[in-house]
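Undergrad: Structure file target-v8.cif, mmCIF, C-alpha atoms and all ligand atoms, is pasted below:
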```
data_work
#
loop_
_atom_site.label_atom_id
_atom_site.label_comp_id
_atom_site.auth_asym_id
_atom_site.auth_seq_id
_atom_site.Cartn_x
_atom_site.Cartn_y
_atom_site.Cartn_z
CA THR A 143 202.88 -31.08 4.11
CA GLY A 144 204.21 -31.64 0.59
CA GLY A 145 207.58 -32.70 1.97
CA CYS A 146 209.34 -35.61 0.36
CA VAL A 147 212.81 -36.76 1.28
CA VAL A 148 214.76 -39.31 -0.73
CA ALA A 149 217.95 -40.61 0.90
CA VAL A 150 220.58 -41.97 -1.48
CA ASP A 151 223.59 -43.63 0.13
CA GLY A 152 226.44 -45.71 -1.19
CA PRO A 153 230.14 -45.78 -1.89
CA SER A 154 232.00 -43.64 -4.39
CA GLY A 155 231.44 -44.68 -8.00
CA SER A 156 228.07 -46.30 -7.25
CA GLY A 157 226.38 -43.70 -9.48
CA LYS A 158 224.98 -41.86 -6.46
CA SER A 159 225.70 -38.28 -7.53
CA THR A 160 224.47 -38.47 -11.11
CA VAL A 161 221.41 -40.50 -10.13
CA SER A 162 220.55 -38.15 -7.25
CA ARG A 163 220.83 -35.00 -9.35
CA ARG A 164 218.76 -36.47 -12.19
CA LEU A 165 216.14 -37.73 -9.79
CA ALA A 166 215.90 -34.31 -8.10
CA ILE A 167 215.43 -32.61 -11.48
CA ALA A 168 212.75 -35.15 -12.49
CA LEU A 169 210.89 -34.63 -9.20
CA GLY A 170 211.26 -30.84 -9.19
CA ALA A 171 213.03 -31.25 -5.85
CA ARG A 172 216.12 -29.74 -4.27
CA TYR A 173 219.38 -31.68 -4.09
CA LEU A 174 221.98 -31.93 -1.35
CA ASP A 175 225.48 -33.35 -1.85
CA THR A 176 226.64 -34.03 1.71
CA GLY A 177 230.00 -35.35 0.47
CA ALA A 178 230.71 -31.84 -0.86
CA MET A 179 230.18 -30.50 2.68
CA TYR A 180 232.73 -32.93 4.17
CA ARG A 181 235.06 -32.08 1.31
CA ALA A 182 234.72 -28.31 1.81
CA VAL A 183 235.49 -28.66 5.53
CA THR A 184 238.51 -30.79 4.58
CA TRP A 185 239.68 -28.06 2.21
CA ALA A 186 239.51 -25.57 5.09
CA VAL A 187 241.34 -27.96 7.43
CA LEU A 188 244.15 -28.46 4.89
CA ARG A 189 244.40 -24.71 4.33
CA SER A 190 244.60 -24.06 8.08
CA GLY A 191 247.61 -26.34 8.40
CA VAL A 192 246.30 -28.11 11.56
CA ASP A 193 247.27 -31.73 12.11
CA LEU A 194 244.71 -34.07 10.49
CA ALA A 195 245.38 -36.55 13.28
CA ASP A 196 244.27 -34.03 15.94
CA PRO A 197 240.46 -34.38 16.19
CA SER A 198 239.91 -31.35 18.42
CA ALA A 199 241.96 -29.08 16.14
CA VAL A 200 240.08 -30.43 13.11
CA ALA A 201 236.72 -29.91 14.85
CA LYS A 202 237.70 -26.35 15.77
CA VAL A 203 238.45 -25.45 12.15
CA ALA A 204 235.17 -27.09 11.08
CA GLY A 205 233.26 -24.98 13.61
CA GLU A 206 234.91 -21.76 12.48
CA THR A 207 234.43 -22.35 8.75
CA GLU A 208 231.49 -20.59 7.10
CA LEU A 209 230.12 -23.19 4.67
CA GLY A 210 227.93 -22.14 1.78
CA ILE A 211 226.05 -24.90 0.01
CA GLY A 212 223.43 -24.58 -2.70
CA THR A 213 220.61 -27.08 -3.26
CA ASP A 214 219.83 -26.47 -6.94
CA PRO A 215 220.33 -29.80 -8.77
CA GLU A 216 221.17 -27.94 -11.99
CA GLY A 217 224.10 -26.11 -10.46
CA TYR A 218 224.72 -26.01 -6.76
CA GLY A 219 227.73 -24.07 -5.52
CA VAL A 220 230.00 -24.77 -2.58
CA THR A 221 231.93 -22.09 -0.74
CA ALA A 222 234.14 -22.14 2.35
CA ASP A 223 234.62 -18.77 4.06
CA GLY A 224 233.26 -17.17 0.91
CA VAL A 225 235.80 -18.88 -1.38
CA PRO A 226 234.29 -20.97 -4.21
CA VAL A 227 235.85 -24.42 -3.76
CA GLU A 228 233.87 -26.58 -6.19
CA VAL A 229 237.00 -27.47 -8.20
CA GLU A 230 239.46 -27.76 -5.29
CA ILE A 231 237.27 -30.16 -3.31
CA ARG A 232 237.43 -32.74 -6.14
CA GLY A 233 241.24 -32.73 -6.20
CA SER A 234 243.46 -35.53 -4.91
CA GLU A 235 244.62 -33.60 -1.85
CA VAL A 236 241.09 -33.22 -0.46
CA THR A 237 240.05 -36.71 -1.61
CA GLY A 238 243.03 -38.19 0.24
CA ALA A 239 242.19 -36.42 3.51
CA VAL A 240 238.38 -36.32 3.59
CA SER A 241 237.77 -39.70 5.26
CA ALA A 242 239.96 -38.70 8.21
CA VAL A 243 238.05 -35.44 8.66
CA ALA A 244 234.68 -37.17 8.24
CA ALA A 245 235.60 -39.64 10.99
CA VAL A 246 235.70 -36.88 13.64
CA PRO A 247 232.40 -37.09 15.62
CA ALA A 248 232.24 -33.33 16.28
CA VAL A 249 232.58 -32.62 12.55
CA ARG A 250 229.78 -35.09 11.82
CA SER A 251 227.35 -33.67 14.36
CA LEU A 252 227.98 -30.16 13.06
CA LEU A 253 227.33 -31.16 9.44
CA VAL A 254 224.40 -33.47 10.23
CA THR A 255 222.62 -30.59 12.00
CA ARG A 256 223.23 -28.35 9.00
CA GLN A 257 222.00 -31.07 6.61
CA ARG A 258 218.76 -31.50 8.58
CA ASP A 259 218.18 -27.73 8.52
CA LEU A 260 218.74 -27.59 4.75
CA ALA A 261 216.37 -30.54 4.25
CA ALA A 262 213.66 -28.96 6.42
CA ALA A 263 213.92 -25.70 4.48
CA ALA A 264 213.73 -27.49 1.13
CA GLY A 265 210.69 -29.68 1.77
CA ARG A 266 211.17 -31.86 -1.31
CA ILE A 267 214.77 -32.96 -1.52
CA VAL A 268 217.09 -35.74 -2.66
CA ILE A 269 220.02 -36.08 -0.24
CA GLU A 270 223.07 -38.15 -1.09
CA GLY A 271 225.85 -39.37 1.16
CA ARG A 272 226.89 -42.29 3.35
CA ASP A 273 224.67 -42.00 6.43
CA ILE A 274 221.58 -40.22 5.12
CA GLY A 275 219.03 -43.01 5.58
CA ALA A 276 220.51 -44.17 8.87
CA VAL A 277 221.32 -40.86 10.58
CA VAL A 278 220.49 -37.63 8.74
CA ALA A 279 216.96 -38.46 7.56
CA PRO A 280 215.72 -41.60 9.34
CA ASN A 281 212.13 -40.71 8.34
CA ALA A 282 212.91 -40.36 4.62
CA ASP A 283 210.09 -41.38 2.26
CA LEU A 284 212.50 -43.56 0.30
CA LYS A 285 215.94 -44.84 1.25
CA VAL A 286 218.19 -46.35 -1.36
CA PHE A 287 221.66 -47.78 -1.00
CA LEU A 288 223.43 -47.98 -4.36
CA THR A 289 226.24 -50.46 -4.83
CA ALA A 290 228.31 -51.66 -7.79
CA SER A 291 231.23 -54.03 -8.19
CA ALA A 292 234.61 -52.59 -7.19
CA ALA A 293 235.77 -52.86 -10.82
CA ALA A 294 232.74 -50.96 -12.16
CA ARG A 295 233.11 -48.24 -9.55
CA ALA A 296 236.80 -47.74 -10.27
CA ALA A 297 236.13 -47.64 -14.03
CA ARG A 298 233.41 -44.97 -13.61
CA ARG A 299 235.49 -42.80 -11.31
CA SER A 300 238.61 -42.96 -13.48
CA ALA A 301 236.57 -42.08 -16.59
CA GLU A 302 235.09 -39.08 -14.73
CA ASN A 303 238.40 -37.81 -13.41
CA ALA A 304 240.66 -38.94 -16.28
CA THR A 305 242.80 -40.86 -13.78
CA ASP A 306 244.50 -44.25 -13.93
CA VAL A 307 242.09 -47.16 -13.14
CA GLY A 308 244.55 -49.04 -10.95
CA HIS A 309 245.33 -46.01 -8.83
CA THR A 310 241.63 -45.11 -8.59
CA ALA A 311 240.75 -48.66 -7.48
CA THR A 312 243.34 -48.51 -4.69
CA ASP A 313 242.09 -45.10 -3.57
CA LEU A 314 238.42 -46.20 -3.57
CA ALA A 315 239.22 -49.35 -1.60
CA ARG A 316 241.08 -47.29 0.99
CA ARG A 317 238.26 -44.75 1.33
CA ASP A 318 235.58 -47.50 1.53
CA ARG A 319 237.52 -49.23 4.28
CA LEU A 320 237.91 -46.01 6.30
CA ASP A 321 234.27 -44.98 5.76
CA SER A 322 232.84 -48.41 6.65
CA THR A 323 234.94 -49.07 9.73
CA ARG A 324 234.93 -45.69 11.48
CA LYS A 325 233.20 -45.54 14.87
CA ALA A 326 231.03 -42.46 14.18
CA ASP A 327 228.18 -43.26 11.75
CA PRO A 328 229.97 -45.78 9.53
CA MET A 329 228.67 -46.25 5.99
CA VAL A 330 226.05 -48.97 6.28
CA PRO A 331 222.68 -49.43 4.56
CA ALA A 332 219.75 -48.37 6.79
CA LEU A 333 217.67 -51.41 7.82
CA ASP A 334 214.78 -50.20 5.68
CA ALA A 335 216.90 -49.15 2.66
CA VAL A 336 216.39 -50.68 -0.76
CA VAL A 337 219.80 -51.97 -1.89
CA LEU A 338 220.25 -51.61 -5.64
CA ASP A 339 223.27 -53.01 -7.48
CA THR A 340 224.00 -50.69 -10.42
CA THR A 341 226.88 -52.70 -11.94
CA GLU A 342 224.76 -53.68 -14.95
CA LEU A 343 222.39 -50.70 -14.92
CA GLY A 344 222.62 -47.39 -16.78
CA ILE A 345 221.92 -44.10 -15.00
CA ASP A 346 218.54 -43.67 -16.70
CA GLU A 347 217.47 -47.15 -15.69
CA VAL A 348 218.33 -46.49 -12.04
CA VAL A 349 216.41 -43.19 -12.09
CA VAL A 350 213.36 -44.93 -13.59
CA ARG A 351 213.44 -47.63 -10.89
CA LEU A 352 213.65 -45.06 -8.11
CA ARG A 353 210.71 -43.13 -9.56
CA GLU A 354 208.72 -46.37 -9.68
CA MET A 355 209.54 -47.07 -6.04
CA LEU A 356 208.42 -43.57 -5.07
CA ALA A 357 205.18 -43.94 -7.04
CA GLU A 358 204.47 -47.27 -5.30
CA ARG A 359 204.93 -45.57 -1.95
CA GLY A 360 202.43 -42.87 -2.96
O1 LIG B 1 230.49 -38.70 -1.79
P1 LIG B 1 231.90 -38.20 -1.75
O2 LIG B 1 232.89 -39.14 -2.40
O3 LIG B 1 232.05 -36.81 -2.24
O4 LIG B 1 232.24 -38.15 -0.20
C1 LIG B 1 233.54 -37.83 0.24
C2 LIG B 1 233.81 -38.39 1.63
O5 LIG B 1 233.01 -37.70 2.60
C3 LIG B 1 233.47 -39.86 1.84
O6 LIG B 1 234.55 -40.70 1.45
C4 LIG B 1 233.22 -39.93 3.34
O7 LIG B 1 234.44 -40.02 4.06
C5 LIG B 1 232.62 -38.57 3.64
N1 LIG B 1 231.16 -38.58 3.75
C6 LIG B 1 230.58 -38.99 4.94
N2 LIG B 1 229.24 -38.92 5.11
C7 LIG B 1 228.45 -38.45 4.14
C8 LIG B 1 229.00 -38.04 2.89
C9 LIG B 1 230.37 -38.13 2.73
O8 LIG B 1 231.29 -39.42 5.83
N3 LIG B 1 227.12 -38.35 4.36
#
```
Show me the file's structure as structure tokens.

TA:
Amino acid sequence: TGGCVVAVDGPSGSGKSTVSRRLAIALGARYLDTGAMYRAVTWAVLRSGVDLADPSAVAKVAGETELGIGTDPEGYGVTADGVPVEVEIRGSEVTGAVSAVAAVPAVRSLLVTRQRDLAAAAGRIVIEGRDIGAVVAPNADLKVFLTASAAARAARRSAENATDVGHTATDLARRDRLDSTRKADPMVPALDAVVLDTTELGIDEVVVRLREMLAERG
């Protein structure tokens, strides 16, 4: 059918986003950043003023928000109710609240359905997130789980965002803990995922290894 799905999961700072985009470009495939979808919903929830600790109110806002998400690896856009939110969703306010929103089961099922539809429409696609291999695309042609030491991840993120390393490390540790211990689809490598530690690897090296794995799988 010409379809090919690559699932890239892992914590923040593992190199997931850069690797996934580069891999999609190299394969001539589409690209889906599922974290951006959870972030855009979080932006809408914050704007609505509902209580983050009220799952049904959060789910209601998620259901009423019109999400726009592009799948072009060279420049995908994210909108919420028609508002471009690409910059806002990377800010500290959204980053601080996203794990709480992503822990709401009704929000997850809504976004997982949307992610599967986008993947089906794309055919060839690299999808990155936390639960892609385990939940969103269990039949993916290749599943990778990228890791890196906590220090390397904090250093990468703080370089990207021009933020203090110590503060970034604390924030990452908090988000990892929330994402790994939540009841609904916690972040965990799929049983058949290839776990790749990128602490000592450059982006290009990781992309080359993933292309080799895909070639081996035919
Ligand atoms: O990847 P990114 O850091 O943008 O993801 C932001 C947050 O969205 C994660 O910390 C996690 O809470 C949530 N997320 C998720 N499942 C995904 C992708 C992201 O729960 N597939």

Undergrad: Which of these residues is nearest to ligand LIG 1 (chain B), using only C-alpha atoms and all ligand atoms: A:Gln257, A:Thr340, A:Asn281, A:Ser154?

TA: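 That would be A:Ser154, the residue with the smallest distance to ligand LIG 1 (chain B).
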
Undergrad: Around all of ligand LIG 1 (chain B)'s listed atoms, make the axis-aligned box with 3 Å on each side and tell me centre and edge lengths in Å to one decimal, as AutoDock Vina command-line options.

TA:
```
--center_x 230.8 --center_y -38.8 --center_z 1.7 --size_x 13.4 --size_y 9.9 --size_z 14.2
```

Undergrad: What is the atom CA of A:Leu252-atom CA of A:Glu230 distance in Å, reported with one decimal?

TA: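 Atom-to-atom, atom CA of A:Leu252 and atom CA of A:Glu230 are spaced 21.8 Å apart.
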
Undergrad: All residues within 6 Å of ligand LIG 1 (chain B) are required, counting only C-alpha atoms and all ligand atoms; please report them as a ChimeraX atom specification.

TA: /A:154,176-178,180,240-241,244,271-274,317,321

Undergrad: Rank nothing, just name the residue among A:Ala311, A:Val268, A:Ala304, A:Val278 nearest to A:Thr160, using all atoms listed in the file.

TA: A:Val268

Undergrad: Considering all atoms listed in the file, state which residue in the set A:Ser190, A:Thr184, A:Thr213, A:Thr207 is at the smallest distance from A:Ile231.

TA: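 Among A:Ser190, A:Thr184, A:Thr213, A:Thr207, it is A:Thr184 that comes nearest to A:Ile231.
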
Undergrad: Take atom CA of A:Val187 and atom CA of A:Ile211 and report the distance between them in Å, one decimal.

TA: 17.3 Å

Undergrad: Rounded to one decimal place, report the atom CA of A:Ser156-atom CA of A:Arg295 distance in Å.

TA: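 Atom CA of A:Ser156 sits 5.9 Å away from atom CA of A:Arg295.
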
Undergrad: Considering all atoms listed in the file, state which residue in the set A:Leu174, A:Val243, A:Val161, A:Ala222 is at the smallest distance from A:Ile267.

TA: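 Between A:Leu174, A:Val243, A:Val161, A:Ala222, the residue approaching A:Ile267 most closely is A:Leu174.
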
Undergrad: Between A:Val246, A:Val183, A:His309, A:Glu228, which residue has the minimum interatomic distance to A:Asp196, considering only C-alpha atoms?

TA: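 Once distances to A:Asp196 are computed over only C-alpha atoms, the minimum belongs to A:Val246.
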
Undergrad: Give the answer as one residue: which of A:Val236, A:Leu338, A:Val192, A:Met355 has the shortest atom-to-atom distance to A:Val148, using only C-alpha atoms?

TA: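 Looking only at the distances to A:Val148, the closest residue turns out to be A:Met355.
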
Undergrad: Find the residues near A:Thr289: any atom within 8 Å, counting all atoms listed in the file, skip ones fewer than 2 places away on the same chain, and give them as an MDAnalysis selection string.

TA: chainID A and resid 152:153 156 287 291 337:341

Undergrad: Within 10 Å of A:Leu320, counting only C-alpha atoms, which residues qualify if same-chain residues fewer than 2 places away don't, as a list of chain:residue names?

TA: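 That gives A:Ser241, A:Ala242, A:Ala244, A:Ala245, A:Leu314, A:Ala315, A:Arg316, A:Arg317, A:Asp318, A:Ser322, A:Thr323, A:Arg324, A:Lys325, A:Pro328, A:Met329.
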
Undergrad: Now that the selection is made, can you save its residues with C-alpha atoms as a CSV table (one decimal), in the coordinates of the input?

TA:
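Okay, this is what ended up in again-v1.csv:
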```
chain,number,residue,atom,x,y,z
A,241,SER,CA,237.8,-39.7,5.3
A,242,ALA,CA,240.0,-38.7,8.2
A,244,ALA,CA,234.7,-37.2,8.2
A,245,ALA,CA,235.6,-39.6,11.0
A,314,LEU,CA,238.4,-46.2,-3.6
A,315,ALA,CA,239.2,-49.4,-1.6
A,316,ARG,CA,241.1,-47.3,1.0
A,317,ARG,CA,238.3,-44.8,1.3
A,318,ASP,CA,235.6,-47.5,1.5
A,322,SER,CA,232.8,-48.4,6.6
A,323,THR,CA,234.9,-49.1,9.7
A,324,ARG,CA,234.9,-45.7,11.5
A,325,LYS,CA,233.2,-45.5,14.9
A,328,PRO,CA,230.0,-45.8,9.5
A,329,MET,CA,228.7,-46.2,6.0
```

Undergrad: Excluding A:Glu206 and residues on its chain fewer than 4 positions from it, collect all residues at most 10 Å away from it, counting all atoms listed in the file, and give them as a list in words.

TA: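 Non-adjacent residues within range: Val183, Ala186, Ala201, Lys202 and Asp223 of chain A.
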
Undergrad: My structure is short of atoms at stretch 301-330 of chain A; please model N, CA and C atoms there, returning them as a tab-separated table (two decimals), in the frame of the given file.

TA:
```
chain	number	residue	atom	x	y	z
A	301	ALA	N	237.06	-42.73	-15.37
A	301	ALA	CA	236.57	-42.08	-16.59
A	301	ALA	C	236.17	-40.63	-16.29
A	302	GLU	N	235.52	-40.43	-15.14
A	302	GLU	CA	235.09	-39.08	-14.73
A	302	GLU	C	236.26	-38.15	-14.52
A	303	ASN	N	237.29	-38.66	-13.83
A	303	ASN	CA	238.40	-37.81	-13.41
A	303	ASN	C	239.62	-37.92	-14.32
A	304	ALA	N	239.51	-38.72	-15.39
A	304	ALA	CA	240.66	-38.94	-16.28
A	304	ALA	C	241.88	-39.39	-15.49
A	305	THR	N	241.69	-40.35	-14.57
A	305	THR	CA	242.80	-40.86	-13.78
A	305	THR	C	243.00	-42.34	-14.10
A	306	ASP	N	244.13	-42.86	-13.69
A	306	ASP	CA	244.50	-44.25	-13.93
A	306	ASP	C	243.58	-45.19	-13.14
A	307	VAL	N	243.05	-46.25	-13.79
A	307	VAL	CA	242.09	-47.16	-13.14
A	307	VAL	C	242.68	-47.85	-11.91
A	308	GLY	N	243.92	-48.32	-12.05
A	308	GLY	CA	244.55	-49.04	-10.95
A	308	GLY	C	244.69	-48.17	-9.73
A	309	HIS	N	245.14	-46.95	-9.93
A	309	HIS	CA	245.33	-46.01	-8.83
A	309	HIS	C	243.98	-45.66	-8.21
A	310	THR	N	242.97	-45.45	-9.07
A	310	THR	CA	241.63	-45.11	-8.59
A	310	THR	C	241.06	-46.25	-7.75
A	311	ALA	N	241.27	-47.49	-8.20
A	311	ALA	CA	240.75	-48.66	-7.48
A	311	ALA	C	241.36	-48.73	-6.08
A	312	THR	N	242.66	-48.48	-5.99
A	312	THR	CA	243.34	-48.51	-4.69
A	312	THR	C	242.78	-47.42	-3.78
A	313	ASP	N	242.60	-46.23	-4.35
A	313	ASP	CA	242.09	-45.10	-3.57
A	313	ASP	C	240.67	-45.36	-3.08
A	314	LEU	N	239.81	-45.91	-3.95
A	314	LEU	CA	238.42	-46.20	-3.57
A	314	LEU	C	238.38	-47.24	-2.45
A	315	ALA	N	239.20	-48.27	-2.59
A	315	ALA	CA	239.22	-49.35	-1.60
A	315	ALA	C	239.64	-48.80	-0.23
A	316	ARG	N	240.60	-47.89	-0.25
A	316	ARG	CA	241.08	-47.29	0.99
A	316	ARG	C	239.97	-46.46	1.63
A	317	ARG	N	239.30	-45.63	0.81
A	317	ARG	CA	238.26	-44.75	1.33
A	317	ARG	C	237.06	-45.58	1.84
A	318	ASP	N	236.69	-46.62	1.10
A	318	ASP	CA	235.58	-47.50	1.53
A	318	ASP	C	235.89	-48.12	2.89
A	319	ARG	N	237.14	-48.58	3.04
A	319	ARG	CA	237.52	-49.23	4.28
A	319	ARG	C	237.42	-48.23	5.43
A	320	LEU	N	237.97	-47.02	5.25
A	320	LEU	CA	237.91	-46.01	6.30
A	320	LEU	C	236.47	-45.62	6.60
A	321	ASP	N	235.65	-45.44	5.56
A	321	ASP	CA	234.27	-44.98	5.76
A	321	ASP	C	233.39	-46.05	6.41
A	322	SER	N	233.69	-47.33	6.13
A	322	SER	CA	232.84	-48.41	6.65
A	322	SER	C	233.24	-48.86	8.05
A	323	THR	N	234.47	-48.55	8.45
A	323	THR	CA	234.94	-49.07	9.73
A	323	THR	C	235.07	-47.99	10.80
A	324	ARG	N	234.80	-46.72	10.45
A	324	ARG	CA	234.93	-45.69	11.48
A	324	ARG	C	233.85	-45.88	12.53
A	325	LYS	N	234.13	-45.36	13.76
A	325	LYS	CA	233.20	-45.54	14.87
A	325	LYS	C	231.97	-44.66	14.72
A	326	ALA	N	232.15	-43.39	14.26
A	326	ALA	CA	231.03	-42.46	14.18
A	326	ALA	C	230.29	-42.65	12.85
A	327	ASP	N	229.05	-43.11	12.93
A	327	ASP	CA	228.18	-43.26	11.75
A	327	ASP	C	228.88	-43.91	10.56
A	328	PRO	N	229.33	-45.14	10.69
A	328	PRO	CA	229.97	-45.78	9.53
A	328	PRO	C	228.99	-45.95	8.37
A	329	MET	N	229.53	-46.06	7.17
A	329	MET	CA	228.67	-46.25	5.99
A	329	MET	C	228.05	-47.64	6.06
A	330	VAL	N	226.75	-47.68	6.19
A	330	VAL	CA	226.05	-48.97	6.28
A	330	VAL	C	224.62	-48.72	5.79
```
